[in-house]
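Q: So I've got this file, query-v2.txt, and it contains compact mmCIF, C-alpha atoms:
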# COMPACT_ATOMS: atom_id res chain seq x y z
CA MET I 233 -21.64 -1.11 17.21
CA SER I 234 -20.08 2.37 17.01
CA ALA I 235 -20.82 4.85 14.21
CA LYS I 236 -17.47 3.93 12.72
CA PRO I 237 -16.73 0.22 13.01
CA LYS I 238 -13.29 -0.45 14.45
CA VAL I 239 -10.51 -2.33 12.67
CA ILE I 240 -6.87 -3.08 13.36
CA ASP I 241 -4.12 -3.39 10.76
CA LEU I 242 -1.64 -6.25 11.22
CA PHE I 243 1.76 -5.91 9.49
CA CYS I 244 0.71 -2.35 8.73
CA GLY I 245 3.99 -1.00 7.28
CA ALA I 246 3.39 2.43 5.76
CA GLY I 247 -0.35 2.05 6.31
CA GLY I 248 -1.98 1.29 2.95
CA PHE I 249 -4.69 -0.77 4.61
CA THR I 250 -5.01 1.79 7.41
CA LEU I 251 -5.60 4.56 4.86
CA ALA I 252 -8.12 2.40 3.01
CA SER I 253 -9.93 1.59 6.27
CA TRP I 254 -10.44 5.25 7.15
CA GLN I 255 -11.45 6.09 3.58
CA ALA I 256 -14.00 3.26 3.57
CA GLY I 257 -15.72 4.53 6.71
CA PHE I 258 -13.94 2.52 9.39
CA GLU I 259 -11.90 3.70 12.34
CA CYS I 260 -8.50 2.05 12.24
CA VAL I 261 -7.72 1.95 15.92
CA ALA I 262 -4.18 0.58 15.70
CA GLY I 263 -1.46 -0.59 13.37
CA PHE I 264 1.02 -3.31 14.32
CA ASP I 265 4.42 -3.87 12.73
CA ALA I 266 7.89 -5.02 13.73
CA SER I 267 9.66 -2.45 11.51
CA GLU I 268 10.07 1.03 12.91
CA VAL I 269 11.56 2.16 9.59
CA LEU I 270 8.68 1.07 7.37
CA SER I 271 6.17 2.44 9.89
CA SER I 272 8.16 5.59 10.66
CA ARG I 273 5.48 8.04 9.46
CA PHE I 274 2.45 6.06 10.61
CA LEU I 275 1.48 8.45 13.40
CA ASP I 276 2.07 11.49 11.18
CA ASN I 277 -0.33 10.12 8.59
CA PHE I 278 -2.82 8.66 11.07
CA PRO I 279 -2.96 10.92 14.15
CA LYS I 280 -6.14 9.24 15.43
CA SER I 281 -4.63 5.76 15.31
CA THR I 282 -2.11 4.06 17.57
CA PHE I 283 1.09 2.40 16.35
CA ILE I 284 2.41 -0.63 18.24
CA LYS I 285 5.87 -1.94 17.42
CA CYS I 286 5.31 -5.64 17.79
CA ASP I 287 6.65 -8.96 16.56
CA LEU I 288 3.37 -10.64 15.67
CA GLN I 289 5.05 -14.04 15.45
CA SER I 290 5.23 -14.15 19.23
CA ALA I 291 2.37 -11.82 20.18
CA GLU I 292 -0.50 -13.30 22.16
CA VAL I 293 -4.10 -12.27 21.51
CA SER I 294 -4.32 -10.67 24.94
CA GLU I 295 -1.22 -8.59 24.21
CA VAL I 296 -2.63 -7.30 20.92
CA LEU I 297 -5.94 -6.39 22.53
CA ARG I 298 -4.33 -4.73 25.53
CA SER I 299 -1.95 -2.64 23.46
CA ALA I 300 -4.82 -1.45 21.26
CA GLY I 301 -6.91 -0.64 24.31
CA LEU I 302 -9.76 -2.84 23.12
CA LYS I 303 -11.77 -5.86 24.11
CA THR I 304 -12.47 -8.75 21.73
CA GLN I 305 -16.04 -7.70 21.00
CA GLU I 306 -14.96 -4.15 20.13
CA ILE I 307 -12.97 -5.14 17.02
CA ASP I 308 -15.15 -5.35 13.94
CA GLY I 309 -12.46 -6.15 11.40
CA ILE I 310 -8.84 -7.17 10.97
CA VAL I 311 -6.90 -6.27 7.82
CA GLY I 312 -3.32 -7.02 6.90
CA GLY I 313 -0.72 -8.00 4.38
CA PRO I 314 1.86 -10.32 5.99
CA PRO I 315 5.32 -9.83 4.40
CA CYS I 316 5.34 -11.56 1.04
CA GLN I 317 9.00 -11.78 -0.02
CA GLY I 318 9.10 -15.48 0.79
CA PHE I 319 6.31 -16.14 -1.75
CA SER I 320 7.29 -13.62 -4.43
CA TRP I 321 8.31 -14.84 -7.89
CA ILE I 322 11.24 -12.40 -7.88
CA GLY I 323 12.53 -13.75 -4.56
CA ARG I 324 14.21 -17.04 -3.76
CA ARG I 325 10.89 -18.74 -2.92
CA GLN I 326 12.40 -20.90 -0.21
CA SER I 327 9.85 -23.06 1.57
CA ASP I 328 11.71 -22.64 4.87
CA ASP I 329 11.83 -18.83 4.69
CA PRO I 330 10.74 -17.74 8.21
CA ARG I 331 8.59 -14.98 6.71
CA ASN I 332 6.29 -17.64 5.28
CA ALA I 333 5.05 -18.41 8.79
CA LEU I 334 3.63 -14.90 9.15
CA ILE I 335 0.55 -15.99 7.18
CA HIS I 336 -0.16 -18.50 9.94
CA HIS I 337 0.21 -15.85 12.63
CA PHE I 338 -2.21 -13.54 10.84
CA PHE I 339 -4.87 -16.26 10.90
CA ARG I 340 -3.90 -17.29 14.44
CA LEU I 341 -4.64 -13.78 15.69
CA VAL I 342 -7.86 -13.55 13.70
CA SER I 343 -9.02 -16.83 15.26
CA GLY I 344 -8.26 -15.57 18.74
CA ILE I 345 -9.74 -12.07 18.38
CA LYS I 346 -12.80 -13.19 16.40
CA PRO I 347 -13.62 -10.01 14.44
CA ARG I 348 -16.76 -9.78 12.32
CA PHE I 349 -14.63 -9.87 9.17
CA PHE I 350 -11.05 -10.02 7.99
CA VAL I 351 -9.18 -9.17 4.78
CA MET I 352 -5.73 -10.51 3.98
CA GLU I 353 -3.60 -9.46 0.97
CA ASN I 354 -0.57 -11.15 -0.55
CA VAL I 355 1.32 -11.80 -3.78
CA PRO I 356 0.14 -14.25 -6.50
CA GLY I 357 3.02 -16.60 -5.66
CA ILE I 358 1.13 -17.75 -2.58
CA LEU I 359 -1.26 -19.64 -4.87
CA HIS I 360 1.46 -22.03 -6.03
CA LYS I 361 3.02 -25.03 -4.29
CA PRO I 362 4.35 -25.48 -1.71
CA PHE I 363 2.83 -22.30 -0.30
CA SER I 364 -0.70 -22.99 -1.56
CA VAL I 365 -0.85 -26.15 0.53
CA ARG I 366 -0.20 -24.16 3.70
CA LEU I 367 -2.72 -21.51 2.70
CA LYS I 368 -5.42 -24.08 2.00
CA ARG I 369 -4.81 -25.66 5.40
CA GLU I 370 -5.24 -22.27 7.10
CA LEU I 371 -8.44 -21.50 5.20
CA VAL I 372 -9.99 -24.87 6.01
CA ARG I 373 -9.42 -24.11 9.67
CA MET I 374 -10.85 -20.58 9.33
CA SER I 375 -13.96 -21.85 7.54
CA ASP I 376 -15.27 -23.24 10.85
CA CYS I 377 -16.08 -19.66 11.90
CA TYR I 378 -16.07 -17.63 8.69
CA SER I 379 -17.54 -17.71 5.21
CA ILE I 380 -14.45 -17.42 3.02
CA LEU I 381 -14.35 -15.52 -0.28
CA GLY I 382 -11.20 -16.27 -2.21
CA PRO I 383 -8.39 -16.53 -2.77
CA LEU I 384 -9.24 -13.80 -5.32
CA LEU I 385 -6.67 -12.58 -7.84
CA LEU I 386 -7.37 -8.86 -8.29
CA ASP I 387 -5.56 -6.12 -10.20
CA SER I 388 -5.26 -2.63 -8.73
CA ALA I 389 -5.64 -1.10 -12.21
CA ASP I 390 -9.23 -2.35 -12.30
CA PHE I 391 -9.99 -0.18 -9.25
CA GLY I 392 -8.54 3.07 -10.62
CA ALA I 393 -4.85 2.80 -9.78
CA ALA I 394 -2.33 3.82 -12.44
CA THR I 395 -0.35 0.63 -11.90
CA ARG I 396 -0.81 -3.00 -12.89
CA ARG I 397 -0.50 -4.78 -9.56
CA GLN I 398 -2.03 -8.22 -9.20
CA ARG I 399 -2.62 -9.32 -5.65
CA VAL I 400 -4.38 -12.14 -3.86
CA LEU I 401 -7.13 -11.16 -1.45
CA ILE I 402 -8.93 -13.40 1.00
CA ILE I 403 -12.07 -12.13 2.73
CA GLY I 404 -13.67 -13.82 5.70
CA ILE I 405 -17.05 -12.78 7.10
CA ASP I 406 -18.96 -13.88 10.16
CA SER I 407 -22.44 -14.30 8.71
CA ARG I 408 -24.02 -13.43 12.04
CA TYR I 409 -22.91 -9.83 11.59
CA VAL I 410 -22.07 -9.35 7.90
CA ASP I 411 -24.28 -9.95 4.87
CA PRO I 412 -22.84 -12.19 2.13
CA ILE I 413 -20.34 -10.74 -0.31
CA ALA I 414 -19.36 -12.21 -3.68
CA LYS I 415 -16.69 -11.59 -6.29
CA ASP I 416 -19.32 -9.90 -8.49
CA ASP I 417 -19.87 -7.32 -5.74
CA LEU I 418 -16.23 -6.31 -6.09
CA ALA I 419 -16.34 -6.41 -9.90
CA GLN I 420 -19.13 -3.84 -9.79
CA ARG I 421 -16.56 -1.43 -8.37
CA PHE I 422 -14.20 -1.75 -11.34
CA VAL I 423 -13.56 1.54 -13.15
CA PRO I 424 -14.83 1.80 -16.74
CA THR I 425 -11.61 3.41 -17.96
CA LYS I 426 -8.23 2.56 -16.49
CA SER I 427 -6.00 5.36 -15.19
CA THR I 428 -2.71 5.90 -16.99
CA VAL I 429 0.76 7.08 -16.05
CA ARG I 430 -0.18 10.43 -17.59
CA ASP I 431 -3.24 10.73 -15.34
CA ALA I 432 -1.06 10.13 -12.29
CA LEU I 433 2.07 12.15 -13.10
CA HIS I 434 1.37 14.86 -15.66
CA ASP I 435 0.97 17.71 -13.15
CA LEU I 436 3.99 16.88 -10.96
CA PRO I 437 7.27 18.83 -11.18
CA GLY I 438 10.66 17.22 -11.63
CA PRO I 439 13.07 16.34 -8.81
CA VAL I 440 14.99 18.92 -6.78
CA LEU I 441 18.41 18.95 -5.17
CA MET I 442 18.14 18.77 -1.41
CA ASN I 443 19.65 21.52 0.72
CA GLU I 444 19.23 22.89 4.21
CA LYS I 445 16.00 24.66 3.26
CA ASN I 446 14.21 21.65 1.84
CA SER I 447 16.06 18.72 3.41
CA ASP I 448 12.75 16.94 4.09
CA GLY I 449 11.77 17.07 0.43
CA TRP I 450 9.07 19.74 0.78
CA ALA I 451 9.53 21.05 -2.74
CA GLY I 452 6.42 20.53 -4.80
CA TYR I 453 4.24 22.13 -7.41
CA GLY I 454 2.62 25.53 -7.10
CA ARG I 455 -1.10 25.97 -7.49
CA ASP I 456 -2.15 27.55 -10.77
CA PRO I 457 -5.39 28.96 -12.23
CA PHE I 458 -5.85 25.82 -14.32
CA ALA I 459 -5.62 23.34 -11.45
CA ASP I 460 -9.18 22.16 -12.11
CA GLU I 461 -8.15 21.08 -15.60
CA LYS I 462 -5.47 18.67 -14.35
CA GLY I 463 -7.84 15.72 -14.37
CA LEU I 464 -9.79 13.82 -11.73
CA PHE I 465 -6.84 11.64 -10.65
CA ALA I 466 -4.59 14.63 -9.94
CA ARG I 467 -7.36 16.63 -8.26
CA LYS I 468 -8.07 13.76 -5.87
CA ALA I 469 -4.36 13.37 -5.08
CA ARG I 470 -4.04 17.10 -4.36
CA THR I 471 -7.09 17.24 -2.07
CA ALA I 472 -6.38 18.06 1.58
CA PRO I 473 -7.13 15.24 4.04
CA PRO I 474 -10.04 15.27 6.50
CA ALA I 475 -9.26 16.33 10.05
CA TYR I 476 -8.65 12.77 11.26
CA LEU I 477 -5.95 12.05 8.64
CA GLY I 478 -2.57 13.59 7.86
CA SER I 479 -0.22 15.77 9.83
CA GLN I 480 -0.71 19.47 10.41
CA VAL I 481 2.63 20.08 8.70
CA ALA I 482 1.55 18.22 5.55
CA ARG I 483 -1.77 20.04 5.53
CA GLU I 484 -0.10 23.46 5.81
CA PHE I 485 2.44 22.70 3.08
CA LEU I 486 -0.26 21.31 0.79
CA ALA I 487 -2.19 24.55 1.14
CA LYS I 488 0.91 26.35 -0.17
CA GLY I 489 1.29 23.93 -3.06
CA LEU I 490 4.25 22.15 -1.51
CA VAL I 491 4.56 18.38 -1.33
CA SER I 492 7.30 16.04 -0.09
CA GLY I 493 9.10 13.31 -1.97
CA PHE I 494 10.90 15.05 -4.84
CA GLN I 495 14.46 14.15 -3.84
CA TYR I 496 16.81 14.08 -6.81
CA THR I 497 18.55 10.86 -7.86
CA GLU I 498 21.90 11.53 -9.52
CA HIS I 499 22.78 9.51 -12.63
CA THR I 500 26.08 9.38 -14.47
CA GLN I 501 26.22 10.69 -18.03
CA GLU I 502 26.65 7.11 -19.19
CA VAL I 503 23.40 6.09 -17.48
CA VAL I 504 21.56 9.15 -18.81
CA LYS I 505 22.70 8.30 -22.33
CA ARG I 506 21.61 4.70 -21.87
CA PHE I 507 18.20 5.72 -20.54
CA ASP I 508 17.79 8.04 -23.53
CA SER I 509 17.85 5.04 -25.86
CA VAL I 510 15.07 3.18 -24.02
CA PRO I 511 11.68 3.63 -25.74
CA ALA I 512 8.38 4.01 -23.88
CA GLY I 513 7.42 0.60 -22.57
CA GLY I 514 10.96 -0.73 -23.11
CA THR I 515 13.55 -1.90 -20.59
CA ASP I 516 17.12 -0.74 -19.99
CA SER I 517 19.41 -3.62 -20.91
CA ILE I 518 21.75 -3.25 -17.93
CA SER I 519 19.71 -2.01 -14.96
CA ARG I 520 16.54 -3.77 -16.17
CA PHE I 521 14.62 -0.62 -15.27
CA PRO I 522 11.43 -0.31 -17.36
CA ARG I 523 10.55 2.97 -19.05
CA LEU I 524 7.03 4.14 -18.32
CA ASP I 525 4.58 4.84 -21.12
CA TRP I 526 2.33 7.88 -20.68
CA ASN I 527 -0.65 6.01 -22.10
CA GLU I 528 -0.30 2.76 -20.15
CA GLN I 529 -0.21 1.67 -16.51
CA CYS I 530 2.99 1.42 -14.50
CA PRO I 531 4.27 -2.14 -13.96
CA THR I 532 4.17 -3.42 -10.39
CA LEU I 533 6.38 -1.32 -8.12
CA ARG I 534 8.78 -3.54 -6.18
CA ALA I 535 9.86 -3.03 -2.60
CA GLY I 536 13.49 -4.12 -2.35
CA THR I 537 14.79 -5.36 1.01
CA GLY I 538 16.04 -3.97 4.27
CA PRO I 539 19.56 -4.41 5.67
CA GLU I 540 18.50 -7.61 7.45
CA ASN I 541 17.86 -9.22 4.05
CA GLY I 542 20.72 -7.94 1.91
CA SER I 543 19.77 -4.29 1.29
CA PHE I 544 18.64 -4.96 -2.28
CA GLN I 545 17.37 -1.83 -3.99
CA SER I 546 14.02 -2.07 -5.71
CA VAL I 547 13.71 -1.59 -9.46
CA ARG I 548 12.73 2.02 -10.08
CA PRO I 549 10.98 2.78 -13.36
CA ILE I 550 12.37 5.39 -15.75
CA HIS I 551 10.26 8.50 -16.27
CA PRO I 552 8.29 8.48 -19.57
CA THR I 553 10.20 11.40 -21.10
CA CYS I 554 12.97 12.44 -18.69
CA ASN I 555 16.14 10.34 -18.54
CA ARG I 556 15.91 9.59 -14.82
CA VAL I 557 14.17 7.25 -12.44
CA ILE I 558 10.92 8.38 -10.91
CA THR I 559 10.81 10.26 -7.62
CA VAL I 560 9.25 9.02 -4.40
CA ARG I 561 6.19 11.22 -4.95
CA GLU I 562 5.76 9.93 -8.48
CA ALA I 563 5.91 6.36 -7.16
CA ALA I 564 3.37 7.27 -4.47
CA ARG I 565 0.99 8.72 -7.06
CA LEU I 566 1.27 5.59 -9.20
CA GLN I 567 0.61 3.39 -6.17
CA GLY I 568 -2.45 5.43 -5.20
CA PHE I 569 -1.28 7.46 -2.19
CA PRO I 570 -2.53 11.05 -1.81
CA ASP I 571 -0.08 13.94 -1.88
CA TRP I 572 -0.40 14.67 1.85
CA PHE I 573 0.87 11.19 2.69
CA GLN I 574 4.40 11.27 4.10
CA PHE I 575 7.19 8.74 3.74
CA HIS I 576 10.68 8.21 5.17
CA PRO I 577 13.20 11.02 4.45
CA THR I 578 15.49 8.45 2.82
CA LYS I 579 14.53 7.51 -0.75
CA TRP I 580 15.50 3.87 -0.34
CA HIS I 581 13.17 3.39 2.65
CA SER I 582 10.41 5.43 0.98
CA PHE I 583 10.42 3.14 -2.04
CA ARG I 584 10.35 0.14 0.30
CA MET I 585 7.32 1.59 2.07
CA ILE I 586 5.49 2.16 -1.21
CA GLY I 587 6.46 -1.16 -2.81
CA ASN I 588 5.49 -3.18 0.27
CA SER I 589 2.10 -1.53 0.67
CA VAL I 590 -1.28 -2.77 -0.46
CA ASN I 591 -2.68 -0.48 -3.13
CA PRO I 592 -4.91 1.93 -1.17
CA GLN I 593 -7.35 2.45 -4.05
CA MET I 594 -8.08 -1.25 -4.42
CA ALA I 595 -8.21 -1.80 -0.66
CA THR I 596 -10.60 1.13 -0.20
CA GLU I 597 -13.06 -0.32 -2.72
CA VAL I 598 -12.89 -3.78 -1.17
CA LEU I 599 -13.42 -2.44 2.35
CA SER I 600 -16.22 -0.13 1.16
CA ALA I 601 -18.05 -3.15 -0.22
CA ILE I 602 -17.73 -4.86 3.16
CA ARG I 603 -18.77 -1.70 5.02
CA THR I 604 -22.13 -1.65 3.24
CA ARG I 605 -22.81 -5.17 4.47
CA LEU I 606 -22.11 -4.73 8.18
What do you get writing this file as C-alpha cells?

A:
Amino acid sequence: MSAKPKVIDLFCGAGGFTLASWQAGFECVAGFDASEVLSSRFLDNFPKSTFIKCDLQSAEVSEVLRSAGLKTQEIDGIVGGPPCQGFSWIGRRQSDDPRNALIHHFFRLVSGIKPRFFVMENVPGILHKPFSVRLKRELVRMSDCYSILGPLLLDSADFGAATRRQRVLIIGIDSRYVDPIAKDDLAQRFVPTKSTVRDALHDLPGPVLMNEKNSDGWAGYGRDPFADEKGLFARKARTAPPAYLGSQVAREFLAKGLVSGFQYTEHTQEVVKRFDSVPAGGTDSISRFPRLDWNEQCPTLRAGTGPENGSFQSVRPIHPTCNRVITVREAARLQGFPDWFQFHPTKWHSFRMIGNSVNPQMATEVLSAIRTRL
C-alpha cells in the first residue's frame, strides 16, 4: 500500500468528499460526476486529482478504472454521495424518480472494484419506505464482502460545523485490510462545544457589487493585526492550503486577504423592510427564508435544482443582522469549506454546489477514523 492510500469519489460534485479525503490523509485520485457545472472548479481546487465527466448509471467497472488510470487492487477506498433529491423530504419523493437508482449504481461499482472500504452519504429520507426497502436489499448484498456499519444518522454540528445537517452514512470495511470500526469510534470525534453562526461569519465582510475589476468575486477581507483573535474557526478557514490543494490563483489572493464569493444579491425595498421584521431564528412569512441567529447553528443549507429539474432556487438564509441573504462565501463557511475553495462564478450554481455537498468537516472526521484502521 502507498504512503497515502488511494480513494475515488463517485458523484463528486463540488468535491466535499474529495476535500475530506485529502484532509484525512488519503490521495483522492479521481472524482466522477455527470454535471460539468457542479464540478466546474474541481480541478482548480484539486490539482493533483483527475476529474472524469461520466454518467455512472451506465459506466462499467473497467471504464471507471481505466479513466482513473488504476487497477482494482490499487483503490483502497470509494466515497460518494449519490444525488439525494429523490429521497429528500422537501422533494416530491417519487418512488420512480430515476435518481433513486443511483444508490444501486454506487454499490454496483463498489462490488466490482472491491476497495478495502467505502463510505456513502445521503439524506435521512432514505431511511423511510419505500426507499429503505431498496437500501436494505443493497446492504444485504454488500454484506457478503463487507462488514457494514450503519445506516448511521449523524449531524455535522457534532463534528464542528456551524450548521445543523443530519445525514445518513454507511461505512463498509473489508476486515482483511481494515480493523473494525464502531459508532462509538465516531462519537469520540464529536466536538465538546458546537460552533455557531458567529464563529463562522463574524470576520467576513459584506457583499460587493461586481464590476470589471472583480467580476470573479475576488473581493474579500483584509488582514489585520488582530487576525489571531478572530477565533479558531475563522483562523482555520483563512489558512492557506497545502501544496497539493487549491489553485495558485486562490493561494495568491488569499495571501493578499482577498477571497471569492461575495457577490451582491439585490433586494427590493419591500423585501428589505420585510426582512427587517424577522427576528433572529425566525422565518420570513413570504419567502420562507430563515433568519440566522449568531448564537445558534445554521439550518441545513438546501441545494435547489438545475435547469433539467425546474431551476428551483434554494432557500438562502437571511444574515443575522443585515437585511439580506447570505453570500456564497458565508454559505461556504457555514458548510465547512475553507476560504481558498472556489465555486462557480454564478451565485445560483455556487449555492447548488454547496447545498449538494457532504459537509467536509464531518466527512474528514469519519475518514480520519477509517484511516487509522487501515

Q: Could you pull the residues within 12 Å of stretch 288-292 of chain I, counting all atoms listed in the file, minus those fewer than 3 positions along the same chain, as an mmCIF file with C-alpha atoms, in the coordinates of the input?

A:
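Done, and the output landed in selection36.cif:
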data_model
loop_
_atom_site.group_PDB
_atom_site.id
_atom_site.type_symbol
_atom_site.label_atom_id
_atom_site.label_comp_id
_atom_site.auth_asym_id
_atom_site.auth_seq_id
_atom_site.Cartn_x
_atom_site.Cartn_y
_atom_site.Cartn_z
ATOM 1 C CA ASP I 241 -4.120 -3.390 10.760
ATOM 2 C CA LEU I 242 -1.640 -6.250 11.220
ATOM 3 C CA PHE I 243 1.760 -5.910 9.490
ATOM 4 C CA CYS I 244 0.710 -2.350 8.730
ATOM 5 C CA GLY I 263 -1.460 -0.590 13.370
ATOM 6 C CA PHE I 264 1.020 -3.310 14.320
ATOM 7 C CA ASP I 265 4.420 -3.870 12.730
ATOM 8 C CA ALA I 266 7.890 -5.020 13.730
ATOM 9 C CA SER I 267 9.660 -2.450 11.510
ATOM 10 C CA ILE I 284 2.410 -0.630 18.240
ATOM 11 C CA LYS I 285 5.870 -1.940 17.420
ATOM 12 C CA GLU I 295 -1.220 -8.590 24.210
ATOM 13 C CA VAL I 296 -2.630 -7.300 20.920
ATOM 14 C CA LEU I 297 -5.940 -6.390 22.530
ATOM 15 C CA ARG I 298 -4.330 -4.730 25.530
ATOM 16 C CA SER I 299 -1.950 -2.640 23.460
ATOM 17 C CA GLY I 312 -3.320 -7.020 6.900
ATOM 18 C CA PRO I 314 1.860 -10.320 5.990
ATOM 19 C CA PRO I 315 5.320 -9.830 4.400
ATOM 20 C CA PRO I 330 10.740 -17.740 8.210
ATOM 21 C CA ARG I 331 8.590 -14.980 6.710
ATOM 22 C CA ASN I 332 6.290 -17.640 5.280
ATOM 23 C CA ALA I 333 5.050 -18.410 8.790
ATOM 24 C CA LEU I 334 3.630 -14.900 9.150
ATOM 25 C CA ILE I 335 0.550 -15.990 7.180
ATOM 26 C CA HIS I 336 -0.160 -18.500 9.940
ATOM 27 C CA HIS I 337 0.210 -15.850 12.630
ATOM 28 C CA PHE I 338 -2.210 -13.540 10.840
ATOM 29 C CA PHE I 339 -4.870 -16.260 10.900
ATOM 30 C CA ARG I 340 -3.900 -17.290 14.440
ATOM 31 C CA LEU I 341 -4.640 -13.780 15.690
ATOM 32 C CA VAL I 342 -7.860 -13.550 13.700
ATOM 33 C CA SER I 343 -9.020 -16.830 15.260
ATOM 34 C CA GLY I 344 -8.260 -15.570 18.740
ATOM 35 C CA ILE I 345 -9.740 -12.070 18.380
#

Q: Of the candidates I:Ser375, I:Lys346, I:Phe583, I:Leu418, which shows the shortest atom-to-atom distance to I:Lys303, using all atoms listed in the file?

A: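 Comparing I:Ser375, I:Lys346, I:Phe583, I:Leu418 against I:Lys303, the winner is I:Lys346.
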
Q: Which residues are close to I:Ala563, i.e. within 9 Å by only C-alpha atoms, leaving aside same-chain residues fewer than 6 positions away? Reply as a PDB file with C-alpha atoms, in the coordinates of the input.

A:
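Heads up, here's the output in selection35.pdb:
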ATOM      1  CA  LEU I 533       6.380  -1.320  -8.120  1.00  0.00           C
ATOM      2  CA  ARG I 548      12.730   2.020 -10.080  1.00  0.00           C
ATOM      3  CA  PRO I 549      10.980   2.780 -13.360  1.00  0.00           C
ATOM      4  CA  PHE I 569      -1.280   7.460  -2.190  1.00  0.00           C
ATOM      5  CA  PHE I 583      10.420   3.140  -2.040  1.00  0.00           C
ATOM      6  CA  ILE I 586       5.490   2.160  -1.210  1.00  0.00           C
ATOM      7  CA  GLY I 587       6.460  -1.160  -2.810  1.00  0.00           C
TER       8      GLY I 587
END

Q: Could you name the residues that touch stretch 501-512 of chain I at 12 Å or less, counting all atoms listed in the file, but leaving out those on the same chain fewer than 2 positions away, as a count of residues only?

A: 30

Q: Rounded to one decimal place, report the atom CA of I:Gly452-atom CA of I:Thr395 distance in Å.

A: 22.2 Å

Q: Record the distance separating atom CA of I:Asp406 and atom CA of I:Trp254, expressed in Å with one decimal.

A: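 One can read the atom CA of I:Asp406 to atom CA of I:Trp254 distance as 21.2 Å.
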
Q: Quick check, in Å to one decimal: how far apart do atom CA of I:Val355 and atom CA of I:Lys468 lie?

A: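 Taking atom CA of I:Val355 as the start and atom CA of I:Lys468 as the end point, the length is 27.3 Å.
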
Q: With distances taken over all atoms listed in the file, which of I:Gly301, I:Pro356, I:Gly245, I:Pro412 is nearest to I:Ile602?

A: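 Ranked by minimum distance to I:Ile602, first place goes to I:Pro412.
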
Q: Pick from I:Gly392, I:Gly478, I:Gly309, I:Gly404: nearest to I:Phe249, with all atoms listed in the file counted?

A: I:Gly309
